[in-house]
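Next up, run.txt (compact mmCIF, C-alpha atoms):
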# COMPACT_ATOMS: atom_id res chain seq x y z
CA MET A 14 22.44 14.99 -14.33
CA SER A 15 19.54 16.61 -12.55
CA THR A 16 15.96 15.66 -13.41
CA PRO A 17 13.29 18.18 -14.51
CA LEU A 18 11.58 17.76 -11.13
CA ALA A 19 14.88 18.28 -9.26
CA ARG A 20 15.31 21.61 -11.07
CA ARG A 21 11.76 22.58 -10.14
CA ILE A 22 12.28 21.62 -6.48
CA LYS A 23 15.53 23.62 -6.33
CA SER A 24 13.81 26.75 -7.61
CA MET A 25 11.00 26.25 -5.05
CA ILE A 26 13.59 26.01 -2.26
CA ARG A 27 15.41 29.15 -3.49
CA LEU A 28 12.10 30.99 -3.50
CA ASN A 29 10.40 29.69 -0.34
CA GLY A 30 13.07 27.96 1.75
CA PRO A 31 13.49 24.26 2.59
CA LEU A 32 10.78 21.73 1.74
CA SER A 33 9.39 19.32 4.33
CA VAL A 34 9.92 15.61 3.62
CA THR A 35 6.13 15.35 3.17
CA ASP A 36 6.12 17.96 0.39
CA PHE A 37 9.19 16.44 -1.27
CA PHE A 38 7.60 12.95 -1.15
CA SER A 39 4.31 14.27 -2.63
CA LEU A 40 6.04 16.11 -5.47
CA CYS A 41 8.20 13.08 -6.35
CA LEU A 42 5.18 10.84 -6.77
CA ALA A 43 2.34 13.14 -7.77
CA ASP A 44 3.65 16.35 -9.35
CA PRO A 45 1.19 16.88 -12.26
CA GLU A 46 3.95 17.23 -14.85
CA HIS A 47 6.99 15.33 -13.57
CA GLY A 48 5.72 13.09 -10.74
CA TYR A 49 6.70 9.43 -10.86
CA TYR A 50 3.14 8.09 -11.08
CA LYS A 51 2.21 10.67 -13.71
CA SER A 52 5.14 10.03 -16.03
CA ARG A 53 6.28 6.41 -15.56
CA GLU A 54 5.08 2.84 -16.01
CA PRO A 55 6.03 1.65 -12.53
CA PHE A 56 4.74 -1.92 -12.48
CA GLY A 57 6.01 -5.18 -13.90
CA ARG A 58 9.34 -6.33 -15.26
CA SER A 59 9.90 -3.21 -17.36
CA GLY A 60 9.06 -0.92 -14.43
CA ASP A 61 10.89 -0.24 -11.20
CA PHE A 62 9.28 -2.89 -8.99
CA ILE A 63 7.12 -6.01 -9.21
CA THR A 64 4.13 -6.20 -6.87
CA ALA A 65 2.81 -9.46 -5.39
CA PRO A 66 -0.08 -9.84 -7.91
CA GLU A 67 2.48 -9.71 -10.75
CA VAL A 68 4.49 -12.56 -9.15
CA SER A 69 1.67 -15.11 -9.35
CA GLN A 70 -2.10 -15.45 -9.77
CA LEU A 71 -2.03 -17.24 -6.39
CA PHE A 72 -1.81 -13.91 -4.54
CA GLY A 73 -4.99 -12.39 -5.99
CA GLU A 74 -6.78 -15.73 -5.70
CA MET A 75 -6.12 -15.87 -1.94
CA ILE A 76 -7.40 -12.29 -1.61
CA GLY A 77 -10.49 -13.43 -3.54
CA VAL A 78 -11.02 -16.26 -1.04
CA PHE A 79 -10.76 -13.74 1.82
CA VAL A 80 -13.26 -11.35 0.16
CA VAL A 81 -15.82 -14.15 -0.36
CA HIS A 82 -15.36 -15.30 3.24
CA ALA A 83 -15.88 -11.73 4.53
CA TRP A 84 -19.00 -11.31 2.34
CA GLN A 85 -20.45 -14.56 3.75
CA ARG A 86 -19.60 -13.64 7.36
CA HIS A 87 -21.38 -10.30 6.86
CA GLY A 88 -24.53 -12.22 5.86
CA ALA A 89 -24.07 -12.25 2.06
CA PRO A 90 -25.58 -8.78 1.39
CA ALA A 91 -26.83 -8.06 -2.11
CA GLU A 92 -25.30 -5.19 -4.10
CA ALA A 93 -21.97 -5.14 -2.29
CA ARG A 94 -19.42 -2.59 -3.44
CA LEU A 95 -16.03 -4.19 -4.06
CA VAL A 96 -13.48 -1.38 -4.01
CA GLU A 97 -9.77 -1.39 -4.78
CA ILE A 98 -7.67 1.70 -4.11
CA GLY A 99 -4.58 1.83 -6.33
CA PRO A 100 -5.30 -1.17 -8.60
CA GLY A 101 -1.96 -1.10 -10.46
CA ARG A 102 -2.43 -2.92 -13.76
CA GLY A 103 -5.71 -4.53 -12.63
CA THR A 104 -4.01 -7.92 -12.19
CA MET A 105 -5.06 -8.49 -8.57
CA MET A 106 -8.67 -7.50 -9.24
CA SER A 107 -8.79 -9.82 -12.25
CA ASP A 108 -7.62 -12.75 -10.08
CA ILE A 109 -10.04 -11.81 -7.26
CA LEU A 110 -12.99 -11.69 -9.67
CA ARG A 111 -12.14 -15.06 -11.22
CA VAL A 112 -12.36 -16.63 -7.74
CA ILE A 113 -15.59 -14.82 -6.78
CA ARG A 114 -17.25 -15.83 -10.05
CA ARG A 115 -16.24 -19.46 -9.49
CA ILE A 116 -17.05 -19.96 -5.78
CA ALA A 117 -19.76 -17.35 -5.10
CA PRO A 118 -21.82 -16.69 -8.27
CA PRO A 119 -24.65 -14.87 -6.40
CA PHE A 120 -22.09 -12.44 -4.96
CA TYR A 121 -20.61 -11.81 -8.42
CA GLU A 122 -24.05 -11.31 -10.01
CA THR A 123 -25.18 -8.54 -7.63
CA MET A 124 -21.89 -6.75 -6.84
CA GLN A 125 -20.50 -3.55 -8.31
CA ILE A 126 -16.76 -2.94 -8.67
CA HIS A 127 -15.22 0.46 -7.97
CA LEU A 128 -11.58 1.23 -8.79
CA VAL A 129 -9.91 4.31 -7.31
CA GLU A 130 -7.14 5.44 -9.66
CA THR A 131 -5.55 8.83 -10.34
CA SER A 132 -3.47 7.85 -13.41
CA PRO A 133 -5.27 7.94 -16.79
CA ARG A 134 -2.56 5.67 -18.22
CA LEU A 135 -3.08 2.99 -15.55
CA THR A 136 -6.87 3.32 -15.89
CA ALA A 137 -6.52 2.42 -19.58
CA ILE A 138 -4.42 -0.65 -18.70
CA GLN A 139 -6.94 -1.70 -16.02
CA LYS A 140 -9.80 -1.43 -18.53
CA GLU A 141 -7.93 -3.81 -20.82
CA THR A 142 -7.08 -6.28 -18.02
CA LEU A 143 -10.67 -6.32 -16.73
CA THR A 144 -12.41 -6.31 -20.08
CA GLY A 145 -14.51 -9.41 -19.20
CA HIS A 146 -16.23 -7.54 -16.36
CA SER A 147 -16.81 -4.17 -18.02
CA GLY A 148 -20.52 -3.83 -17.15
CA LYS A 149 -19.72 -3.96 -13.44
CA LEU A 150 -16.82 -1.48 -13.33
CA THR A 151 -16.69 2.19 -12.37
CA TRP A 152 -13.53 4.30 -11.97
CA HIS A 153 -13.09 7.18 -9.51
CA GLU A 154 -10.26 9.62 -8.88
CA SER A 155 -10.82 9.56 -5.11
CA PHE A 156 -12.29 7.22 -2.51
CA ASP A 157 -14.78 9.95 -1.51
CA ALA A 158 -16.43 9.55 -4.92
CA VAL A 159 -17.28 5.85 -4.36
CA PRO A 160 -21.06 5.62 -3.77
CA ASN A 161 -22.26 4.78 -0.26
CA GLY A 162 -23.25 1.22 0.60
CA PHE A 163 -21.91 -2.02 2.03
CA LEU A 164 -18.16 -2.05 1.35
CA LEU A 165 -15.54 -4.72 0.77
CA LEU A 166 -12.28 -2.87 0.21
CA VAL A 167 -8.83 -4.14 -0.78
CA ALA A 168 -5.60 -2.14 -1.02
CA ASN A 169 -2.21 -3.65 -1.90
CA GLU A 170 0.76 -1.29 -1.49
CA LEU A 171 -1.42 1.78 -1.03
CA PHE A 172 -0.18 3.15 2.28
CA ASP A 173 3.55 2.96 1.52
CA ALA A 174 3.11 5.53 -1.26
CA ILE A 175 1.29 8.05 0.97
CA PRO A 176 3.72 10.73 2.21
CA ILE A 177 5.32 10.74 5.65
CA ARG A 178 6.84 13.38 7.92
CA GLN A 179 10.28 12.73 9.38
CA PHE A 180 11.76 14.16 12.58
CA VAL A 181 15.42 14.01 13.67
CA ARG A 182 16.69 13.91 17.25
CA THR A 183 18.83 17.00 17.93
CA PRO A 184 20.29 18.31 21.21
CA GLN A 185 17.11 20.46 21.36
CA GLY A 186 14.77 17.47 20.92
CA PHE A 187 13.13 16.06 17.77
CA ARG A 188 12.94 18.54 14.86
CA GLU A 189 11.35 18.16 11.41
CA ARG A 190 13.63 16.87 8.65
CA VAL A 191 13.62 19.01 5.51
CA VAL A 192 15.17 19.08 2.03
CA SER A 193 17.39 22.08 1.33
CA LEU A 194 20.32 23.12 -0.90
CA ASP A 195 24.02 22.89 -0.01
CA ALA A 196 26.74 25.33 -1.11
CA ASP A 197 27.10 23.49 -4.44
CA ASP A 198 23.36 23.71 -5.19
CA ASN A 199 22.75 20.01 -4.47
CA LEU A 200 19.65 18.72 -2.70
CA VAL A 201 20.50 17.66 0.87
CA PHE A 202 18.62 16.72 4.03
CA SER A 203 18.79 19.19 6.89
CA VAL A 204 16.89 20.01 10.07
CA GLY A 205 14.03 22.52 10.24
CA VAL A 206 12.45 24.28 13.21
CA ALA A 207 9.14 22.41 13.69
CA GLY A 208 8.95 20.02 16.65
CA ILE A 209 6.75 16.99 17.31
CA ASP A 210 4.21 16.28 20.05
CA PRO A 211 6.11 13.92 22.42
CA ALA A 212 2.94 11.78 22.70
CA LEU A 213 3.47 10.73 19.06
CA LEU A 214 6.94 9.29 19.70
CA PRO A 215 7.57 5.55 20.23
CA PRO A 216 8.79 4.55 23.72
CA LEU A 217 12.11 5.76 25.19
CA PRO A 218 12.78 8.84 23.03
CA GLU A 219 15.35 10.05 25.57
CA ARG A 220 17.51 6.97 24.90
CA GLN A 221 17.74 7.57 21.15
CA PRO A 222 21.12 8.88 19.92
CA ILE A 223 21.41 12.29 18.26
CA GLY A 224 20.53 11.90 14.56
CA THR A 225 17.86 9.23 15.17
CA ILE A 226 14.90 9.61 12.80
CA VAL A 227 11.25 8.94 13.56
CA GLU A 228 8.50 8.86 10.94
CA ILE A 229 4.83 9.70 11.34
CA SER A 230 2.14 9.93 8.69
CA PRO A 231 -0.95 12.01 9.39
CA ALA A 232 -1.86 11.50 5.69
CA ARG A 233 -1.95 7.69 6.08
CA GLU A 234 -4.02 8.03 9.25
CA ALA A 235 -6.44 10.30 7.36
CA VAL A 236 -6.93 7.69 4.62
CA MET A 237 -7.47 4.98 7.25
CA THR A 238 -9.96 7.24 9.04
CA ALA A 239 -11.95 7.84 5.83
CA ILE A 240 -12.15 4.07 5.20
CA CYS A 241 -13.17 3.34 8.80
CA GLN A 242 -15.86 6.03 8.81
CA ARG A 243 -17.37 4.49 5.68
CA LEU A 244 -17.34 1.05 7.35
CA THR A 245 -19.01 2.28 10.54
CA THR A 246 -21.74 4.05 8.53
CA HIS A 247 -22.51 1.39 5.91
CA GLY A 248 -20.88 -1.83 7.15
CA GLY A 249 -18.17 -3.95 5.59
CA THR A 250 -14.55 -5.03 5.76
CA ALA A 251 -11.30 -3.46 4.54
CA LEU A 252 -8.07 -5.35 3.89
CA ALA A 253 -4.70 -3.59 3.45
CA ILE A 254 -1.41 -5.25 2.54
CA ASP A 255 1.85 -3.34 2.68
CA TYR A 256 5.56 -3.27 3.34
CA GLY A 257 6.05 -2.34 6.99
CA HIS A 258 6.36 -3.15 10.68
CA LEU A 259 3.77 -4.33 13.20
CA VAL A 260 5.14 -2.19 16.06
CA SER A 261 5.98 1.54 15.93
CA ALA A 262 9.75 2.09 15.95
CA TYR A 263 12.51 4.62 15.30
CA GLY A 264 14.41 4.59 12.01
CA ASP A 265 14.62 6.06 8.52
CA THR A 266 12.71 3.77 6.14
CA MET A 267 12.26 6.15 3.20
CA GLN A 268 13.68 4.59 0.04
CA ALA A 269 13.78 5.14 -3.69
CA MET A 270 13.63 2.38 -6.34
CA ARG A 271 14.83 2.99 -9.87
CA HIS A 272 15.25 0.28 -12.53
CA HIS A 273 14.77 -2.47 -9.91
CA ALA A 274 17.60 -1.14 -7.73
CA PHE A 275 17.78 1.11 -4.66
CA ASP A 276 18.59 4.70 -5.51
CA PRO A 277 19.62 7.55 -3.18
CA VAL A 278 16.36 9.29 -2.17
CA LEU A 279 17.44 12.74 -3.39
CA ALA A 280 19.24 11.55 -6.56
CA HIS A 281 16.48 11.37 -9.20
CA PRO A 282 13.26 13.09 -8.04
CA GLY A 283 10.33 12.09 -10.26
CA GLU A 284 12.28 9.24 -11.90
CA ALA A 285 12.34 6.85 -8.92
CA ASP A 286 9.53 5.33 -6.91
CA LEU A 287 9.53 6.68 -3.36
CA THR A 288 8.11 4.67 -0.45
CA SER A 289 8.53 4.15 3.26
CA HIS A 290 7.58 1.34 5.62
CA VAL A 291 4.02 1.42 6.93
CA ASP A 292 3.58 1.62 10.69
CA PHE A 293 0.78 -0.92 11.23
CA GLU A 294 0.52 -0.12 14.93
CA SER A 295 -0.50 3.43 13.99
CA LEU A 296 -3.13 2.09 11.51
CA VAL A 297 -4.52 -0.22 14.23
CA LYS A 298 -4.75 2.70 16.70
CA THR A 299 -6.46 4.85 14.05
CA ALA A 300 -9.03 2.12 13.32
CA GLU A 301 -9.74 1.56 17.02
CA ALA A 302 -10.13 5.32 17.58
CA ASN A 303 -12.80 5.26 14.86
CA GLY A 304 -14.75 2.47 16.56
CA VAL A 305 -13.97 -0.20 13.96
CA HIS A 306 -13.19 -3.82 14.89
CA VAL A 307 -9.57 -4.75 14.11
CA ASN A 308 -9.37 -8.43 13.14
CA GLY A 309 -5.63 -8.18 13.56
CA SER A 310 -2.40 -7.74 11.66
CA LEU A 311 -0.33 -10.64 10.30
CA ARG A 312 2.75 -11.22 8.21
CA GLN A 313 1.80 -11.80 4.56
CA GLY A 314 3.12 -15.38 4.62
CA ASP A 315 0.94 -16.34 7.60
CA PHE A 316 -2.06 -14.66 5.97
CA LEU A 317 -1.66 -16.48 2.64
CA TYR A 318 -0.95 -19.88 4.18
CA GLY A 319 -3.92 -19.42 6.50
CA LEU A 320 -6.20 -18.95 3.48
CA GLY A 321 -5.02 -22.13 1.73
CA LEU A 322 -2.06 -21.02 -0.40
CA LYS A 323 -0.32 -24.42 -0.13
CA GLU A 324 -3.45 -26.34 -1.13
CA ARG A 325 -4.18 -24.05 -4.10
CA ALA A 326 -0.55 -24.25 -5.28
CA SER A 327 -0.71 -28.09 -5.10
CA ALA A 328 -3.92 -28.10 -7.16
CA LEU A 329 -2.28 -25.90 -9.83
CA ALA A 330 0.91 -27.99 -9.79
CA ALA A 331 -1.10 -31.20 -10.32
CA LYS A 332 -2.09 -29.95 -13.79
CA ALA A 333 1.29 -28.37 -14.64
CA ASP A 334 4.40 -29.51 -16.51
CA PRO A 335 7.75 -29.67 -14.59
CA ASP A 336 8.79 -26.10 -15.52
CA GLN A 337 5.43 -24.70 -14.44
CA THR A 338 5.56 -26.74 -11.22
CA LEU A 339 8.94 -25.20 -10.40
CA ALA A 340 7.60 -21.71 -11.19
CA ILE A 341 4.62 -22.29 -8.84
CA ALA A 342 6.93 -23.42 -6.03
CA GLU A 343 9.16 -20.37 -6.56
CA ALA A 344 6.13 -18.06 -6.50
CA VAL A 345 4.89 -19.56 -3.22
CA ASN A 346 8.35 -19.10 -1.71
CA ARG A 347 8.56 -15.51 -2.92
CA LEU A 348 5.05 -14.53 -1.76
CA ALA A 349 5.00 -16.37 1.56
CA GLY A 350 8.57 -17.42 2.40
CA GLU A 351 10.30 -16.13 5.49
CA GLY A 352 13.77 -14.64 5.66
CA ALA A 353 15.63 -11.63 4.32
CA GLY A 354 14.04 -10.00 1.31
CA LYS A 355 11.05 -12.35 1.14
CA MET A 356 7.60 -10.78 0.80
CA GLY A 357 6.13 -13.25 3.32
CA GLU A 358 8.16 -11.59 6.05
CA LEU A 359 8.45 -7.99 4.81
CA PHE A 360 4.78 -7.45 4.00
CA LYS A 361 2.06 -7.22 6.63
CA VAL A 362 -1.73 -7.49 6.37
CA ILE A 363 -4.43 -5.73 8.39
CA ALA A 364 -8.19 -6.34 8.27
CA VAL A 365 -10.85 -4.16 9.90
CA SER A 366 -14.61 -4.72 10.02
CA SER A 367 -17.87 -3.13 11.09
CA PRO A 368 -19.89 -4.62 12.70
CA ALA A 369 -17.31 -6.65 14.64
CA LEU A 370 -16.88 -10.19 13.36
CA HIS A 371 -14.11 -12.78 13.32
CA LEU A 372 -12.49 -13.34 9.94
CA MET A 373 -10.09 -16.11 8.93
CA PRO A 374 -7.14 -16.38 9.04
CA PHE A 375 -6.88 -13.81 11.83
CA ARG A 376 -7.07 -15.26 15.32
CA ALA A 377 -10.21 -14.43 17.30
CA VAL A 378 -9.48 -11.79 19.94
CA ASP A 379 -11.74 -11.26 22.95
Let me see the file written as structure tokens.
Amino acid sequence: MSTPLARRIKSMIRLNGPLSVTDFFSLCLADPEHGYYKSREPFGRSGDFITAPEVSQLFGEMIGVFVVHAWQRHGAPAEARLVEIGPGRGTMMSDILRVIRRIAPPFYETMQIHLVETSPRLTAIQKETLTGHSGKLTWHESFDAVPNGFLLLVANELFDAIPIRQFVRTPQGFRERVVSLDADDNLVFSVGVAGIDPALLPPLPERQPIGTIVEISPAREAVMTAICQRLTTHGGTALAIDYGHLVSAYGDTMQAMRHHAFDPVLAHPGEADLTSHVDFESLVKTAEANGVHVNGSLRQGDFLYGLGLKERASALAAKADPDQTLAIAEAVNRLAGEGAGKMGELFKVIAVSSPALHLMPFRAVD
């Protein structure tokens, strides 16, 4: 059973030839009529995946602690702009704002909140979630539209949904991976003609077997560059949390999620969420190239524990009944635990600042 978007993609390929992985990825998520984010409710138990803020309020609260700490380290500027790109259902921002209101009232009183969201449906849900803060909220369709000024930016699972390019090692070197049609009119991966600048490859490309895939994402680097340029001009800190690896590596990490299960990437275009692992080394290099201070990158578990996750969980558990206490312990383990499939290990966190300053829980680097 082919999806409406699959039929559209097939006709595009018949007309114009194979599609790059980047174009396929973009269409799957953002096609105006059939794209996943335009037509689905992706978040929560009824959706295709559950993000960290939906697991427990503890996640957003720890991010709130980090944001207040960054604001203080920057000298507590008045009229800060708190920006979230891709706010989901507004859950994380709601938890962040509860913490700011409680521990830094002067910050809350003077700040403005800017949410960058392209989905009208999600915007409506965010408005409902954040109803207690309505006088402070503005929505924008792009980050460029956020007004200039001192910036504290948070982004959870933003970069993994920005398209990638893939290249495959062939006897002639690395060539771009594309989506084409086989003899039975099915979507298949094949190899195109475009090559890749060898300087962009991780170490030892000559030792990789034929068929090895490498992923790069100029689009992710462009978003990081836009954020860093804003920080260097107006000052501030940006925090990004995502599924990924701290060191650039070879491998195919593109995956589709449908009804909480992995789905073949080409099986249901537009009906599955498409992501790939974020290369944090490339984000660090992009930030450094833009003259921004990189506080560092950490595993999510280390980041959350470093901000006081255990202590906050204990305080919540002290007022909870036995069932709630168990739920809190399970949430801590899911958000910060190590080992296969645990968010604490799979997710990484990067923080960048301008001017340079040391932020907890990242280690000071000389």
Please put the answer as JSON: centre and edge lengths, in Å with one decimal, of a box along x, y and z that encloses all listed atoms of range 77-87 of chain A plus 5 Å on each side.
{"center_x": -15.9, "center_y": -13.3, "center_z": 1.9, "size_x": 20.9, "size_y": 16.0, "size_z": 20.9}
A:Pro277, A:Gly145, A:Pro368, A:Pro222 ranked by distance to Gly304 in chain A, top pick (using all atoms listed in the file):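 Among the listed residues, the smallest separation from Gly304 in chain A belongs to A:Pro368.
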Give one line per residue of range 133-175 of chain A that approaches range 20-38 of chain A to at most 12 Å, naming the two atoms of the closest pair and their distance in Å to one decimal, counting all atoms listed in the file; sort by chain then ascending residue number and deliver it as a Markdown table.
| residue | atom | partner | partner_atom | distance |
| --- | --- | --- | --- | --- |
| A:Asp173 | CA | A:Phe38 | CA | 11.1 |
| A:Ala174 | CA | A:Phe38 | CA | 8.7 |
| A:Ile175 | CA | A:Phe38 | CA | 8.3 |
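Between CA of Leu40 in chain A and CA of Leu279 in chain A lies a distance of 12.1 Å.
CA of Ser310 in chain A is positioned 26.9 Å from CA of Met124 in chain A.
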Within 6 Å of Glu294 in chain A, counting all atoms listed in the file, which residues qualify if same-chain residues fewer than 3 places away don't, as an MDAnalysis selection string? chainID A and resid 259:261 297
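In this model, the gap between CA of Val96 in chain A and CA of His127 in chain A comes to 4.7 Å.
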Restricting the calculation to only C-alpha atoms, which member of A:Val236, A:Val181, A:Ala251, A:Val278 is positioned closest to Leu165 in chain A?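 Residue with the minimum atom-to-atom distance to Leu165 in chain A: A:Ala251.
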Considering only C-alpha atoms, state which residue in the set A:Ala340, A:Ala349, A:Asn169, A:Gly88 is at the smallest distance from Gly321 in chain A. A:Ala349
From the list A:Ala300, A:Leu200, A:Leu244, A:Ile229, which residue is nearest Ala212 in chain A when using only C-alpha atoms?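 Looking only at the distances to Ala212 in chain A, the closest residue turns out to be A:Ile229.
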I'd like the neighbourhood of range 183-189 of chain A as a ChimeraX atom specification, where a residue qualifies if any of its atoms comes within 10 Å (using only C-alpha atoms), though same-chain residues fewer than 4 positions away should be ignored. /A:33-34,178-179,203-211,214,218-219,222-228
For the residues in that selection, give me C-alpha atoms as a compact mmCIF listing (two decimals), keeping the file's coordinate frame.
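Below is the file that was written, selection06.txt:
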# COMPACT_ATOMS: atom_id res chain seq x y z
CA SER A 33 9.39 19.32 4.33
CA VAL A 34 9.92 15.61 3.62
CA ARG A 178 6.84 13.38 7.92
CA GLN A 179 10.28 12.73 9.38
CA SER A 203 18.79 19.19 6.89
CA VAL A 204 16.89 20.01 10.07
CA GLY A 205 14.03 22.52 10.24
CA VAL A 206 12.45 24.28 13.21
CA ALA A 207 9.14 22.41 13.69
CA GLY A 208 8.95 20.02 16.65
CA ILE A 209 6.75 16.99 17.31
CA ASP A 210 4.21 16.28 20.05
CA PRO A 211 6.11 13.92 22.42
CA LEU A 214 6.94 9.29 19.70
CA PRO A 218 12.78 8.84 23.03
CA GLU A 219 15.35 10.05 25.57
CA PRO A 222 21.12 8.88 19.92
CA ILE A 223 21.41 12.29 18.26
CA GLY A 224 20.53 11.90 14.56
CA THR A 225 17.86 9.23 15.17
CA ILE A 226 14.90 9.61 12.80
CA VAL A 227 11.25 8.94 13.56
CA GLU A 228 8.50 8.86 10.94
